[in-house]
>>> print(open('target.cif').read())   # mmCIF, C-alpha atoms
data_data
#
loop_
_atom_site.label_atom_id
_atom_site.label_comp_id
_atom_site.auth_asym_id
_atom_site.auth_seq_id
_atom_site.Cartn_x
_atom_site.Cartn_y
_atom_site.Cartn_z
CA MET A 1 -18.09 15.56 -0.18
CA LYS A 2 -15.27 16.29 2.23
CA ILE A 3 -12.23 14.15 1.54
CA LEU A 4 -9.59 14.51 4.24
CA GLY A 5 -6.05 13.43 3.44
CA VAL A 6 -4.13 12.29 6.52
CA ILE A 7 -0.39 11.71 6.59
CA PRO A 8 0.37 9.66 9.74
CA ALA A 9 3.93 10.25 10.91
CA ARG A 10 5.81 8.72 13.82
CA TYR A 11 9.39 9.24 14.89
CA ALA A 12 10.06 5.73 16.17
CA SER A 13 10.96 3.18 13.51
CA THR A 14 12.75 -0.14 13.90
CA ARG A 15 14.77 0.14 10.71
CA PHE A 16 14.93 3.92 10.32
CA PRO A 17 14.35 6.01 13.48
CA GLY A 18 13.38 9.62 12.79
CA LYS A 19 12.46 8.82 9.18
CA PRO A 20 9.87 11.64 8.68
CA LEU A 21 12.57 14.19 9.49
CA ALA A 22 15.34 12.63 7.39
CA ASP A 23 16.82 15.28 5.13
CA ILE A 24 16.36 15.30 1.36
CA LEU A 25 17.90 18.31 -0.37
CA GLY A 26 17.45 20.51 2.69
CA LYS A 27 13.85 19.50 3.46
CA PRO A 28 12.48 16.66 5.66
CA ILE A 29 10.74 13.70 4.05
CA ILE A 30 7.41 14.81 5.52
CA TRP A 31 7.68 18.09 3.58
CA TRP A 32 8.12 16.26 0.29
CA VAL A 33 5.16 13.98 0.99
CA TYR A 34 2.95 16.94 1.89
CA GLN A 35 3.98 18.90 -1.22
CA GLN A 36 3.02 16.01 -3.47
CA ALA A 37 -0.23 15.16 -1.66
CA LYS A 38 -1.54 18.73 -1.64
CA LYS A 39 -1.53 18.71 -5.46
CA SER A 40 -4.30 16.09 -5.39
CA GLU A 41 -7.48 17.30 -7.05
CA LYS A 42 -9.73 15.07 -4.94
CA LEU A 43 -8.55 15.96 -1.43
CA THR A 44 -10.44 18.85 0.10
CA ASP A 45 -8.14 19.10 3.13
CA LEU A 46 -4.79 17.64 4.15
CA VAL A 47 -3.16 17.24 7.55
CA VAL A 48 -0.18 15.50 9.15
CA ALA A 49 -1.04 13.43 12.24
CA THR A 50 1.79 12.79 14.70
CA ASP A 51 2.45 12.05 18.35
CA ASP A 52 5.97 13.49 18.24
CA GLU A 53 6.77 17.09 19.11
CA ARG A 54 9.82 17.11 16.81
CA ILE A 55 7.68 16.26 13.80
CA SER A 56 5.03 18.77 14.84
CA LYS A 57 7.65 21.52 15.13
CA ALA A 58 9.08 20.66 11.71
CA CYS A 59 5.57 20.90 10.24
CA ASP A 60 5.03 24.29 11.88
CA LYS A 61 8.35 25.50 10.48
CA PHE A 62 7.24 24.68 6.94
CA ASP A 63 3.59 25.77 7.41
CA ILE A 64 2.25 22.22 7.16
CA PRO A 65 -1.12 21.73 8.90
CA ASN A 66 -0.72 19.15 11.64
CA ILE A 67 -2.60 17.62 14.51
CA THR A 68 -1.13 16.09 17.65
CA THR A 69 -2.43 12.64 18.56
CA LYS A 70 -1.83 10.14 21.29
CA ILE A 71 0.75 7.39 20.81
CA HIS A 72 -0.73 4.70 18.57
CA GLU A 73 0.33 1.22 17.58
CA SER A 74 -1.01 1.67 14.06
CA GLY A 75 -1.56 4.33 11.45
CA ILE A 76 -5.22 3.37 11.19
CA SER A 77 -5.95 4.00 14.86
CA ARG A 78 -4.12 7.33 14.55
CA ILE A 79 -6.39 8.27 11.65
CA HIS A 80 -9.37 7.22 13.73
CA GLU A 81 -8.37 9.73 16.38
CA VAL A 82 -8.20 12.38 13.67
CA SER A 83 -11.71 11.37 12.56
CA GLN A 84 -12.94 12.05 16.09
CA LYS A 85 -11.69 15.63 15.76
CA ILE A 86 -12.27 16.43 12.09
CA ALA A 87 -15.45 15.30 10.32
CA ALA A 88 -15.17 14.05 6.74
CA ASP A 89 -16.96 11.72 4.33
CA LEU A 90 -13.75 9.85 3.55
CA TYR A 91 -10.31 9.65 5.14
CA VAL A 92 -7.39 9.03 2.79
CA GLN A 93 -4.21 7.71 4.36
CA ILE A 94 -1.03 8.78 2.60
CA ASN A 95 1.96 7.13 4.20
CA GLY A 96 4.60 9.56 5.39
CA ASP A 97 7.43 7.66 3.72
CA GLU A 98 6.30 8.26 0.11
CA PRO A 99 8.09 11.48 -0.97
CA LEU A 100 7.63 10.64 -4.65
CA ILE A 101 3.90 9.84 -4.47
CA GLU A 102 2.05 11.21 -7.49
CA PRO A 103 -1.10 13.32 -6.90
CA LYS A 104 -3.01 11.54 -9.68
CA ILE A 105 -2.37 8.24 -7.89
CA ILE A 106 -3.93 9.62 -4.70
CA ASP A 107 -6.97 10.72 -6.70
CA ARG A 108 -7.57 7.13 -7.85
CA ILE A 109 -8.48 5.97 -4.35
CA VAL A 110 -11.50 8.31 -4.10
CA PRO A 111 -14.73 6.67 -5.37
CA LYS A 112 -17.56 8.54 -7.10
CA THR A 113 -19.90 7.60 -4.27
CA ILE A 114 -18.92 6.61 -0.74
CA ASN A 115 -20.83 3.94 1.13
CA LYS A 116 -20.57 3.61 4.88
CA ASP A 117 -18.47 0.42 4.69
CA PHE A 118 -15.95 1.63 2.12
CA VAL A 119 -12.33 0.64 2.68
CA ALA A 120 -9.72 0.29 -0.06
CA ASN A 121 -6.06 0.44 -0.94
CA LEU A 122 -4.04 0.99 -4.09
CA ILE A 123 -2.10 -1.86 -5.67
CA CYS A 124 0.27 -2.25 -8.59
CA LYS A 125 2.06 -5.05 -10.40
CA ILE A 126 5.43 -6.15 -9.08
CA LYS A 127 8.11 -5.72 -11.72
CA SER A 128 11.23 -7.39 -10.35
CA PRO A 129 12.35 -10.38 -8.24
CA ASN A 130 13.89 -7.98 -5.71
CA GLU A 131 10.53 -6.27 -5.22
CA LEU A 132 8.83 -9.63 -4.82
CA LEU A 133 11.24 -10.96 -2.21
CA ASP A 134 11.49 -7.75 -0.16
CA PRO A 135 9.32 -8.25 2.99
CA SER A 136 8.67 -4.50 3.18
CA ASN A 137 6.67 -4.84 -0.04
CA ILE A 138 3.27 -6.19 0.96
CA LYS A 139 2.02 -8.75 -1.56
CA ILE A 140 -1.71 -9.05 -2.11
CA ILE A 141 -4.13 -11.42 -3.81
CA PHE A 142 -7.73 -10.56 -4.69
CA ASP A 143 -10.85 -12.05 -6.28
CA SER A 144 -12.51 -11.24 -9.62
CA ASN A 145 -14.27 -8.25 -8.04
CA LYS A 146 -10.96 -6.82 -6.82
CA LYS A 147 -11.78 -7.63 -3.19
CA ALA A 148 -8.70 -8.60 -1.20
CA ILE A 149 -8.39 -12.26 -0.20
CA TYR A 150 -5.09 -12.05 1.66
CA MET A 151 -1.90 -10.03 1.92
CA SER A 152 1.53 -11.12 3.07
CA ARG A 153 5.16 -10.14 3.41
CA THR A 154 6.09 -13.30 1.53
CA PRO A 155 5.39 -13.92 -2.18
CA ILE A 156 1.81 -15.01 -2.80
CA PRO A 157 0.52 -16.99 -4.59
CA THR A 158 3.11 -19.77 -4.82
CA PRO A 159 3.09 -21.28 -8.34
CA TYR A 160 2.40 -25.00 -8.70
CA LYS A 161 3.21 -25.29 -12.40
CA SER A 162 2.60 -22.23 -14.55
CA LEU A 163 4.44 -18.96 -13.96
CA ASN A 164 2.12 -17.11 -16.30
CA PHE A 165 0.58 -14.68 -13.80
CA ASP A 166 1.31 -11.33 -12.15
CA TYR A 167 2.22 -10.55 -8.56
CA TYR A 168 0.76 -7.44 -6.95
CA LYS A 169 1.85 -5.27 -4.06
CA HIS A 170 0.19 -2.73 -1.79
CA ILE A 171 0.94 0.98 -2.26
CA GLY A 172 0.88 3.31 0.74
CA VAL A 173 -2.42 5.02 -0.06
CA LEU A 174 -5.63 3.77 1.60
CA ALA A 175 -9.14 5.13 2.13
CA TYR A 176 -11.67 4.56 4.89
CA ALA A 177 -15.24 5.56 5.59
CA LYS A 178 -15.68 6.67 9.20
CA SER A 179 -17.52 3.48 10.17
CA MET A 180 -14.54 1.38 9.06
CA LEU A 181 -12.21 3.37 11.28
CA ASP A 182 -14.67 2.87 14.15
CA PHE A 183 -14.77 -0.86 13.41
CA PHE A 184 -10.98 -1.10 13.47
CA VAL A 185 -10.51 0.45 16.91
CA LEU A 186 -13.41 -1.50 18.42
CA SER A 187 -12.20 -4.89 17.16
CA LYS A 188 -9.42 -7.07 18.49
CA PRO A 189 -6.28 -7.69 16.41
CA SER A 190 -6.83 -10.72 14.18
CA LYS A 191 -4.77 -13.91 14.03
CA TYR A 192 -2.88 -13.32 10.80
CA GLU A 193 -2.63 -9.60 11.39
CA LYS A 194 -0.48 -10.41 14.42
CA ILE A 195 1.55 -13.05 12.59
CA GLU A 196 2.29 -10.92 9.53
CA GLY A 197 2.43 -7.59 11.34
CA LEU A 198 -0.12 -6.14 8.89
CA GLU A 199 -2.97 -4.19 10.45
CA THR A 200 -5.03 -4.12 7.24
CA LEU A 201 -5.49 -7.89 7.48
CA ARG A 202 -7.98 -7.19 10.27
CA PHE A 203 -10.55 -6.00 7.74
CA ILE A 204 -10.11 -9.12 5.60
CA GLU A 205 -10.15 -11.59 8.49
CA TYR A 206 -13.33 -10.07 9.90
CA GLY A 207 -15.02 -10.42 6.50
CA LYS A 208 -15.05 -6.79 5.41
CA ASN A 209 -14.95 -5.93 1.69
CA PHE A 210 -11.43 -4.57 1.32
CA TYR A 211 -11.16 -3.27 -2.24
CA CYS A 212 -8.02 -3.19 -4.35
CA ILE A 213 -7.68 -0.39 -6.89
CA GLU A 214 -4.98 -1.05 -9.45
CA VAL A 215 -2.77 1.74 -10.74
CA GLU A 216 -0.08 1.57 -13.41
CA ASN A 217 3.21 3.26 -14.22
CA ILE A 218 3.95 4.01 -10.59
CA LYS A 219 6.95 6.27 -10.05
CA SER A 220 6.82 6.27 -6.27
CA LEU A 221 9.34 4.72 -3.89
CA SER A 222 8.74 4.30 -0.18
CA VAL A 223 11.64 5.13 2.12
CA ASP A 224 12.12 2.16 4.45
CA THR A 225 15.90 2.29 4.87
CA PRO A 226 18.74 4.83 4.58
CA LYS A 227 19.59 3.18 1.25
CA ASP A 228 16.09 4.02 -0.03
CA LEU A 229 16.66 7.60 1.09
CA GLU A 230 19.79 7.84 -1.05
CA GLU A 231 17.88 6.55 -4.07
CA VAL A 232 15.03 9.00 -3.59
CA GLU A 233 17.46 11.88 -3.17
CA SER A 234 19.15 10.98 -6.46
CA ILE A 235 15.77 10.99 -8.24
CA LEU A 236 14.78 14.34 -6.76
CA LYS A 237 18.13 15.88 -7.68
CA LEU A 238 17.46 15.02 -11.30
CA ARG A 239 13.91 16.40 -11.10
CA THR A 240 14.99 19.70 -9.58
CA LYS A 241 17.62 20.18 -12.29
CA ASN A 242 15.09 19.73 -15.09
#
>>> encode(input="target.cif", output="structure tokens")
Amino acid sequence: MKILGVIPARYASTRFPGKPLADILGKPIIWWVYQQAKKSEKLTDLVVATDDERISKACDKFDIPNITTKIHESGISRIHEVSQKIAADLYVQINGDEPLIEPKIIDRIVPKTINKDFVANLICKIKSPNELLDPSNIKIIFDSNKKAIYMSRTPIPTPYKSLNFDYYKHIGVLAYAKSMLDFFVLSKPSKYEKIEGLETLRFIEYGKNFYCIEVENIKSLSVDTPKDLEEVESILKLRTKN
């Protein structure tokens, strides 16, 4: 099986413009993400997909394979364009703002067998009130078969009486069979996708089986703000000293 890892990267960002090129210890974020992802044992190939020449040039400077795409509204449609150019059995999306992502976590998203309708994302338990209330952390609920029911920027579910349950959030690693990428670009944005600003809701609202794969002891931290960048840099400083 060919498993292609794709790191979608765009320069424009509402909260943090130029994020993929933000410096951490002399290297851009995209370099750190690539270095972690290429250690995955399940990925057979890995590429950065971007529509920005500055990101492409940075990748070339550090010998990171990259492909230039058109401007896209979503990471999924960008990966679809990649799928039109590079054939694979499965496309694994590794978000370009996860410089601490662990290779073994990426490996968890790859199933033993891939059916034509496979689409999934990684999830983990939320550990703090701050995580729960942060709208950049996407909360998710799922059924007994680990199929997603809904995801939201607000805390879900809302407790009626008992607080004896766990909240879960999405992690920036997803996987798609080619047919699911085709479905996404051929379908119209769904109602709650537009309200929440979450493109993955399209699969759920159209009745696709969107699987949730739980991982534990996550040590990753997505960079959504300059403050996050400072925290990641502090962690990496400690790692490089040891």
>>> residues_around(input="target.cif", residues="A:Ile171", least_positions_apart="6", cutoff="9 Å", atoms="only C-alpha atoms", output="list in words")
Asn95, Asn121, Leu122, Ile123, Cys124, Asn137, Ile138, Ser220 and Ser222 of chain A
>>> write_last_selection(input="target.cif", atoms="C-alpha atoms", output="PDB file, keeping the file's coordinate frame")
ATOM      1  CA  ASN A  95       1.960   7.130   4.200  1.00  0.00           C
ATOM      2  CA  ASN A 121      -6.060   0.440  -0.940  1.00  0.00           C
ATOM      3  CA  LEU A 122      -4.040   0.990  -4.090  1.00  0.00           C
ATOM      4  CA  ILE A 123      -2.100  -1.860  -5.670  1.00  0.00           C
ATOM      5  CA  CYS A 124       0.270  -2.250  -8.590  1.00  0.00           C
ATOM      6  CA  ASN A 137       6.670  -4.840  -0.040  1.00  0.00           C
ATOM      7  CA  ILE A 138       3.270  -6.190   0.960  1.00  0.00           C
ATOM      8  CA  SER A 220       6.820   6.270  -6.270  1.00  0.00           C
ATOM      9  CA  SER A 222       8.740   4.300  -0.180  1.00  0.00           C
TER      10      SER A 222
END
>>> resolve_selection(input="target.cif", expression="the PyMOL selection byres ((chain A and resi 152) around 8)", output="ChimeraX atom specification")
/A:138-140,150-151,153-156,196,198
>>> closest_residue(input="target.cif", among="A:Asp23, A:Glu81, A:Glu199, A:Glu214", to="A:Tyr167", atoms="all atoms listed in the file")
A:Glu214
>>> residues_around(input="target.cif", residues="A:Leu229", least_positions_apart="2", cutoff="12 Å", atoms="only C-alpha atoms", output="list in words")
Phe16, Lys19, Pro20, Leu21, Ala22, Asp23, Ile24, Leu25, Pro28, Ile29, Asp97, Glu98, Pro99, Leu100, Leu221, Ser222, Val223, Asp224, Thr225, Pro226, Lys227, Glu231, Val232, Glu233, Ser234, Ile235 and Leu236 of chain A
>>> atom_distance(input="target.cif", atom1="atom CA of A:Lys241", atom2="atom CA of A:Val215")
27.5 Å
>>> residues_around(input="target.cif", residues="A:Lys178", least_positions_apart="5", cutoff="12 Å", atoms="all atoms listed in the file", output="list of chain:residue names")
A:Lys2, A:Ile3, A:Leu4, A:Ile76, A:Ser77, A:Ile79, A:His80, A:Glu81, A:Val82, A:Ser83, A:Gln84, A:Lys85, A:Ile86, A:Ala87, A:Ala88, A:Asp89, A:Leu90, A:Tyr91, A:Val92, A:Ile114, A:Asn115, A:Lys116, A:Asp117, A:Phe118, A:Val119, A:Phe183, A:Phe184, A:Val185
>>> resolve_selection(input="target.cif", expression="the PyMOL selection byres ((chain A and resi 66-72) around 12)", output="PyMOL selection string")
chain A and resi 5-12+30-31+34+45-65+73-86+185
>>> atom_distance(input="target.cif", atom1="atom CA of A:Lys27", atom2="atom CA of A:Asp228")
16.0 Å
>>> residues_around(input="target.cif", residues="A:Ile204", least_positions_apart="5", cutoff="8 Å", atoms="all atoms listed in the file", output="ChimeraX atom specification")
/A:148-150,209-210
>>> atom_distance(input="target.cif", atom1="atom CA of A:Leu132", atom2="atom CA of A:Asp166")
10.6 Å
>>> closest_residue(input="target.cif", among="A:Val110, A:Pro189, A:Asn130, A:Ser162", to="A:Thr44", atoms="all atoms listed in the file")
A:Val110
>>> closest_residue(input="target.cif", among="A:Ile101, A:Ile218, A:Leu133, A:Ile213", to="A:Ala175", atoms="all atoms listed in the file")
A:Ile213
>>> closest_residue(input="target.cif", among="A:Lys169, A:Arg202, A:Lys104, A:Lys112", to="A:Ser136", atoms="all atoms listed in the file")
A:Lys169
>>> resolve_selection(input="target.cif", expression="the PyMOL selection byres ((chain A and resi 147) around 6)", output="mmCIF file with C-alpha atoms, keeping the file's coordinate frame")
data_model
loop_
_atom_site.group_PDB
_atom_site.id
_atom_site.type_symbol
_atom_site.label_atom_id
_atom_site.label_comp_id
_atom_site.auth_asym_id
_atom_site.auth_seq_id
_atom_site.Cartn_x
_atom_site.Cartn_y
_atom_site.Cartn_z
ATOM 1 C CA PHE A 142 -7.730 -10.560 -4.690
ATOM 2 C CA ASP A 143 -10.850 -12.050 -6.280
ATOM 3 C CA ASN A 145 -14.270 -8.250 -8.040
ATOM 4 C CA LYS A 146 -10.960 -6.820 -6.820
ATOM 5 C CA ALA A 148 -8.700 -8.600 -1.200
ATOM 6 C CA PHE A 210 -11.430 -4.570 1.320
ATOM 7 C CA TYR A 211 -11.160 -3.270 -2.240
ATOM 8 C CA CYS A 212 -8.020 -3.190 -4.350
#
>>> axis_aligned_box(input="target.cif", around="stretch 133-150 of chain A", padding_each_side="3 Å", output="JSON")
{"center_x": -1.4, "center_y": -8.4, "center_z": -3.2, "size_x": 31.8, "size_y": 13.8, "size_z": 18.8}
>>> closest_residue(input="target.cif", among="A:Met1, A:Leu174, A:Ile195, A:Phe203", to="A:Thr113", atoms="only C-alpha atoms")
A:Met1
>>> decode(input="target.cif", residues="stretch 68-87 of chain A", atoms="C-alpha atoms", output="CSV table (one decimal), in the first residue's frame")
chain,number,residue,atom,x,y,z
A,68,THR,CA,2.6,23.8,-5.5
A,69,THR,CA,-1.2,23.9,-5.6
A,70,LYS,CA,-3.9,26.4,-6.4
A,71,ILE,CA,-5.3,28.6,-3.7
A,72,HIS,CA,-7.8,26.6,-1.7
A,73,GLU,CA,-10.4,27.4,1.0
A,74,SER,CA,-9.7,24.2,2.8
A,75,GLY,CA,-6.9,21.8,3.6
A,76,ILE,CA,-9.0,18.9,2.3
A,77,SER,CA,-9.5,20.4,-1.1
A,78,ARG,CA,-5.8,21.1,-1.3
A,79,ILE,CA,-5.1,17.4,-0.5
A,80,HIS,CA,-7.5,16.5,-3.2
A,81,GLU,CA,-5.5,18.4,-5.7
A,82,VAL,CA,-2.4,16.5,-4.6
A,83,SER,CA,-4.3,13.3,-5.1
A,84,GLN,CA,-4.9,14.3,-8.7
A,85,LYS,CA,-1.2,14.5,-9.2
A,86,ILE,CA,0.2,11.7,-6.9
A,87,ALA,CA,-1.6,8.3,-6.7
